Protein chains: 2
Amino acid sequence: MKLSTKGRYGLRALIDLAQYSEEEPVSITSISDRQGISERYLEQLMAKLKKAGLVKSIRGAGGGYVLEKNMNEISVGDVLRALEGNLDAVQCSGLNPEEGCKTADSCVTKYVWQKINDSINQTVDSIMLEQLVEESKKKAYTENTMQNGCKN
Amino acid sequence: MKLSTKGRYGLRALIDLAQYSEEEPVSITSISDRQGISERYLEQLMAKLKKAGLVKSIRGAGGGYVLEKNMNEISVGDVLRALEGNLDAVQCSGLNPEEGCKTADSCVTKYVWQKINDSINQTVDSIMLEQLVEESKKKAYTENTMQNGCKN
DNA sequence: TTTAATCCCTATTGATTTACTAGGATTTCA
DNA sequence: TGAAATCCTAGTAAATCAATAGGGATTAAA
């Protein structure tokens, strides 16, 4: 029931990217330096964000990544789902009409799982990247934010 | 970000127990038969529920388990936390004042994790075992509910 | 035109967690 | 006493996680 480092690092990386990519592309190396996340691992996370259409890449020297959408069009849910896959705490076929679970009609716990899933998704979909970037800029004066290997 | 079988099986087992324990203790064997969950595994789950004070055990022949509290005093949150440990999607020391995370003050993602954690906990704490048992009784006529190896 | 800075892609690996299984010890009732 | 139950500890195969590794392709700048 835990969010993995993919989601935790990835969201931090994307906030960083959003903050620094207004003028020029941001390289993986620079995010890695500021956030203390392995370059090689970050590469894999950026690939997922790219595939999901949240960032685009610019190859070659001087290249890097920039946002593909506006910050106010990217929700935390979009980011976490891109990185972690679907966020449902329980995936049961009873919740998915097509898949046909035989006992779906009489299954009681189904409603519990549905409520948990809904609450998670609603929460993450209600927070936009823009809010987080604004917040982060305000706090920027407390320099070198993440240099101590925070895992979240 | 998934609930494990501990939580999924365990909640089903406890609903079953609540339903059948009004007159006499319910044995692991009988829950296992009805719910299609391994006896040995169920034992371990029941041990956790007992430790959490949700059920009590009666040893020896004719023994089994009964609820230790009233059904309307046991929330799904109580059950899942007993089985899975804390349900927080992200545990970071910044959320826990005592533990002292150096960057907590300037950390932006902290608020995201807090919101996710809160929404999960609020959701599961708002559903009481009693509701689920009522629902289950209503549906009981659609016989042999869980005999087909449902994993949820 | 070379070189360095980038992103791109696939595979491997060590550690941890999950979902059980196994073997017995203990308690209680008939 | 013997059957039916819980209790307790340990082991284990499979999956997942969190990286690491090694190269390849592209592009800008020197």
# chains A, B, ... in the order shown; residues from 1 in each chain; ligands from 1
>>> interface_residues(of="chain A", to="chain C", cutoff="10 Å", atoms="only C-alpha atoms (C1' of nucleotides)", output="list in words")
Ser27, Ile28, Thr29, Glu43, Gln44, Ala47, Ser57, Ile58, Arg59, Gly60, Ala61, Gly62, Gly63, Gly64 and Tyr65 of chain A
>>> select_by_dssp(residues="segment 11-91 of chain B", states="helix (DSSP H, G or I)", output="PyMOL selection string")
chain B and resi 11-20+28-35+39-51+71-73+76-84
>>> write_last_selection(atoms="N, CA and C atoms", output="compact mmCIF listing (two decimals), in the first residue's frame")
# COMPACT_ATOMS: atom_id res chain seq x y z
N LEU B 11 -10.25 -8.86 5.44
CA LEU B 11 -11.53 -8.17 5.59
C LEU B 11 -12.67 -9.12 5.26
N ARG B 12 -12.51 -9.89 4.20
CA ARG B 12 -13.53 -10.87 3.84
C ARG B 12 -13.74 -11.87 4.96
N ALA B 13 -12.62 -12.32 5.53
CA ALA B 13 -12.70 -13.29 6.61
C ALA B 13 -13.44 -12.71 7.81
N LEU B 14 -13.18 -11.46 8.10
CA LEU B 14 -13.81 -10.87 9.28
C LEU B 14 -15.30 -10.63 9.06
N ILE B 15 -15.68 -10.30 7.85
CA ILE B 15 -17.11 -10.16 7.54
C ILE B 15 -17.79 -11.52 7.71
N ASP B 16 -17.13 -12.54 7.22
CA ASP B 16 -17.66 -13.90 7.35
C ASP B 16 -17.79 -14.27 8.83
N LEU B 17 -16.74 -14.03 9.57
CA LEU B 17 -16.74 -14.32 11.00
C LEU B 17 -17.87 -13.58 11.71
N ALA B 18 -18.01 -12.32 11.41
CA ALA B 18 -19.05 -11.52 12.07
C ALA B 18 -20.43 -12.10 11.79
N GLN B 19 -20.59 -12.60 10.57
CA GLN B 19 -21.88 -13.13 10.16
C GLN B 19 -22.22 -14.45 10.86
N TYR B 20 -21.21 -15.25 11.10
CA TYR B 20 -21.47 -16.61 11.60
C TYR B 20 -21.18 -16.80 13.08
N ILE B 28 -11.36 -21.49 12.02
CA ILE B 28 -10.62 -21.12 10.82
C ILE B 28 -10.99 -22.03 9.66
N THR B 29 -11.16 -23.30 9.98
CA THR B 29 -11.53 -24.26 8.93
C THR B 29 -12.81 -23.85 8.22
N SER B 30 -13.79 -23.41 9.00
CA SER B 30 -15.07 -23.09 8.37
C SER B 30 -14.97 -21.82 7.52
N ILE B 31 -14.22 -20.85 8.01
CA ILE B 31 -14.03 -19.64 7.19
C ILE B 31 -13.28 -20.00 5.92
N SER B 32 -12.26 -20.80 6.11
CA SER B 32 -11.46 -21.24 4.98
C SER B 32 -12.31 -21.93 3.91
N ASP B 33 -13.20 -22.81 4.38
CA ASP B 33 -14.08 -23.52 3.45
C ASP B 33 -14.99 -22.56 2.69
N ARG B 34 -15.62 -21.67 3.44
CA ARG B 34 -16.57 -20.76 2.79
C ARG B 34 -15.87 -19.77 1.87
N GLN B 35 -14.72 -19.29 2.30
CA GLN B 35 -14.08 -18.19 1.57
C GLN B 35 -12.97 -18.65 0.62
N GLU B 39 -6.04 -22.32 5.06
CA GLU B 39 -6.19 -22.31 6.51
C GLU B 39 -4.97 -21.74 7.21
N ARG B 40 -3.81 -22.21 6.76
CA ARG B 40 -2.58 -21.78 7.41
C ARG B 40 -2.33 -20.29 7.28
N TYR B 41 -2.73 -19.78 6.14
CA TYR B 41 -2.55 -18.34 5.92
C TYR B 41 -3.55 -17.56 6.77
N LEU B 42 -4.77 -18.05 6.80
CA LEU B 42 -5.81 -17.41 7.61
C LEU B 42 -5.41 -17.34 9.08
N GLU B 43 -4.78 -18.40 9.56
CA GLU B 43 -4.29 -18.41 10.94
C GLU B 43 -3.47 -17.17 11.24
N GLN B 44 -2.59 -16.86 10.32
CA GLN B 44 -1.70 -15.71 10.52
C GLN B 44 -2.48 -14.40 10.51
N LEU B 45 -3.49 -14.35 9.67
CA LEU B 45 -4.29 -13.14 9.61
C LEU B 45 -5.11 -12.98 10.89
N MET B 46 -5.67 -14.08 11.35
CA MET B 46 -6.46 -14.02 12.59
C MET B 46 -5.58 -13.61 13.77
N ALA B 47 -4.34 -14.05 13.76
CA ALA B 47 -3.43 -13.67 14.83
C ALA B 47 -3.27 -12.15 14.89
N LYS B 48 -3.20 -11.54 13.73
CA LYS B 48 -3.06 -10.08 13.68
C LYS B 48 -4.33 -9.39 14.16
N LEU B 49 -5.46 -9.94 13.76
CA LEU B 49 -6.73 -9.34 14.19
C LEU B 49 -6.91 -9.48 15.70
N LYS B 50 -6.41 -10.58 16.20
CA LYS B 50 -6.50 -10.80 17.65
C LYS B 50 -5.60 -9.82 18.39
N LYS B 51 -4.39 -9.72 17.91
CA LYS B 51 -3.42 -8.81 18.53
C LYS B 51 -3.96 -7.38 18.56
N MET B 71 -19.81 -4.91 16.14
CA MET B 71 -19.60 -4.65 14.72
C MET B 71 -19.63 -3.18 14.35
N ASN B 72 -20.41 -2.42 15.09
CA ASN B 72 -20.47 -0.99 14.74
C ASN B 72 -19.35 -0.18 15.38
N GLU B 73 -18.46 -0.88 16.05
CA GLU B 73 -17.29 -0.19 16.63
C GLU B 73 -16.02 -0.56 15.89
N VAL B 76 -13.48 -0.46 8.79
CA VAL B 76 -12.62 -1.10 7.80
C VAL B 76 -11.17 -0.65 8.01
N GLY B 77 -11.00 0.58 8.41
CA GLY B 77 -9.67 1.09 8.70
C GLY B 77 -8.99 0.32 9.81
N ASP B 78 -9.73 0.02 10.86
CA ASP B 78 -9.17 -0.77 11.97
C ASP B 78 -8.68 -2.12 11.45
N VAL B 79 -9.50 -2.72 10.62
CA VAL B 79 -9.19 -4.05 10.10
C VAL B 79 -7.95 -4.00 9.20
N LEU B 80 -7.98 -3.09 8.25
CA LEU B 80 -6.87 -3.03 7.29
C LEU B 80 -5.57 -2.63 7.95
N ARG B 81 -5.62 -1.71 8.89
CA ARG B 81 -4.40 -1.33 9.59
C ARG B 81 -3.86 -2.46 10.45
N ALA B 82 -4.76 -3.24 11.04
CA ALA B 82 -4.32 -4.39 11.83
C ALA B 82 -3.57 -5.38 10.95
N LEU B 83 -4.02 -5.52 9.72
CA LEU B 83 -3.46 -6.53 8.83
C LEU B 83 -2.27 -6.04 8.02
N GLU B 84 -2.32 -4.81 7.60
CA GLU B 84 -1.32 -4.30 6.65
C GLU B 84 -0.31 -3.38 7.33
>>> interface_residues(of="chain B", to="chain A", cutoff="7 Å", atoms="only C-alpha atoms", output="VMD selection string")
chain B and resid 1 to 3 12 87 to 90 92 103 106 108 to 109 115 to 116 119 to 120 123 132 135 to 136 139 142 145 to 146 152
>>> write_last_selection(atoms="N, CA and C atoms", output="CSV table (one decimal), in the first residue's frame")
chain,number,residue,atom,x,y,z
B,1,MET,N,1.5,0.3,-4.6
B,1,MET,CA,0.3,1.1,-4.3
B,1,MET,C,-0.9,0.1,-4.2
B,2,LYS,N,-0.7,-1.1,-3.9
B,2,LYS,CA,-1.8,-2.1,-3.9
B,2,LYS,C,-2.0,-2.6,-2.5
B,3,LEU,N,-3.2,-2.9,-2.2
B,3,LEU,CA,-3.5,-3.6,-0.9
B,3,LEU,C,-3.1,-5.1,-1.1
B,12,ARG,N,-12.5,-9.9,4.2
B,12,ARG,CA,-13.5,-10.9,3.8
B,12,ARG,C,-13.7,-11.9,5.0
B,87,LEU,N,-1.6,2.5,6.8
B,87,LEU,CA,-2.0,2.6,5.4
B,87,LEU,C,-1.4,3.7,4.6
B,88,ASP,N,-0.5,4.5,5.2
B,88,ASP,CA,0.0,5.7,4.5
B,88,ASP,C,0.7,5.3,3.2
B,89,ALA,N,0.3,6.0,2.1
B,89,ALA,CA,0.9,5.7,0.8
B,89,ALA,C,2.4,6.1,0.8
B,90,VAL,N,2.7,7.2,1.6
B,90,VAL,CA,4.1,7.6,1.7
B,90,VAL,C,4.3,7.9,3.2
B,92,CYS,N,6.8,9.7,5.3
B,92,CYS,CA,8.1,10.5,5.3
B,92,CYS,C,8.1,11.2,6.7
B,103,THR,N,14.5,18.9,5.8
B,103,THR,CA,14.0,19.7,4.7
B,103,THR,C,12.5,19.9,4.8
B,106,SER,N,10.7,23.1,3.8
B,106,SER,CA,10.7,23.6,2.4
B,106,SER,C,10.2,22.5,1.4
B,108,VAL,N,7.9,20.4,-0.7
B,108,VAL,CA,6.6,20.6,-1.4
B,108,VAL,C,5.8,19.4,-1.4
B,109,THR,N,6.4,18.3,-1.8
B,109,THR,CA,5.6,17.0,-2.0
B,109,THR,C,5.0,16.5,-0.7
B,115,LYS,N,-2.1,14.7,1.9
B,115,LYS,CA,-3.5,14.6,1.4
B,115,LYS,C,-3.9,13.2,1.0
B,116,ILE,N,-3.0,12.5,0.3
B,116,ILE,CA,-3.3,11.1,-0.1
B,116,ILE,C,-3.5,10.3,1.2
B,119,SER,N,-6.8,11.1,2.8
B,119,SER,CA,-8.0,10.6,2.1
B,119,SER,C,-8.3,9.1,2.2
B,120,ILE,N,-7.2,8.4,2.2
B,120,ILE,CA,-7.3,6.9,2.4
B,120,ILE,C,-7.8,6.6,3.8
B,123,THR,N,-11.5,7.6,4.3
B,123,THR,CA,-12.4,6.7,3.6
B,123,THR,C,-12.6,5.4,4.4
B,132,LEU,N,-21.2,-3.6,6.3
B,132,LEU,CA,-20.9,-4.7,5.3
B,132,LEU,C,-21.6,-6.0,5.6
B,135,GLU,N,-25.2,-5.7,4.5
B,135,GLU,CA,-25.2,-5.8,3.1
B,135,GLU,C,-25.0,-7.3,2.6
B,136,SER,N,-24.1,-7.9,3.3
B,136,SER,CA,-23.8,-9.3,3.0
B,136,SER,C,-25.0,-10.2,3.3
B,139,LYS,N,-27.6,-10.0,0.6
B,139,LYS,CA,-27.2,-10.7,-0.6
B,139,LYS,C,-27.0,-12.2,-0.5
B,142,THR,N,-28.0,-15.2,-3.0
B,142,THR,CA,-27.2,-15.5,-4.1
B,142,THR,C,-26.1,-16.4,-3.7
B,145,THR,N,-21.4,-17.5,-2.0
B,145,THR,CA,-20.8,-16.2,-2.6
B,145,THR,C,-19.4,-16.4,-3.1
B,146,MET,N,-18.5,-16.8,-2.4
B,146,MET,CA,-17.1,-16.7,-2.7
B,146,MET,C,-16.4,-17.9,-3.1
B,152,ASN,N,-10.3,-11.0,-3.9
B,152,ASN,CA,-10.5,-9.7,-3.3
B,152,ASN,C,-11.5,-9.6,-2.2
>>> closest_atom_pairs(of="chain D", to="chain B", cutoff="9 Å", atoms="only C-alpha atoms (C1' of nucleotides)", output="JSON lines")
{"residue": "D:DA3", "atom": "C1'", "partner": "B:Ala61", "partner_atom": "CA", "distance": 7.7}
{"residue": "D:DA4", "atom": "C1'", "partner": "B:Ala61", "partner_atom": "CA", "distance": 4.2}
{"residue": "D:DA5", "atom": "C1'", "partner": "B:Gly60", "partner_atom": "CA", "distance": 4.5}
{"residue": "D:DT6", "atom": "C1'", "partner": "B:Arg59", "partner_atom": "CA", "distance": 5.0}
{"residue": "D:DC7", "atom": "C1'", "partner": "B:Ala47", "partner_atom": "CA", "distance": 8.8}
>>> atom_distance(atom1="atom CA of Leu67 of chain A", atom2="atom CA of Leu54 of chain A")
6.1 Å
>>> atom_distance(atom1="atom CA of Met128 of chain A", atom2="atom CA of Ile74 of chain A")
5.8 Å
>>> atom_distance(atom1="atom CA of Asn70 of chain B", atom2="atom CA of Glu130 of chain B")
8.4 Å
>>> select_by_dssp(residues="segment 7-148 of chain A", states="strand (DSSP E or B)", output="list in words")
Val26, Val55, Lys56, Ser57, Ile58, Gly64, Tyr65, Val66, Leu67, Ser75 and Met128 of chain A
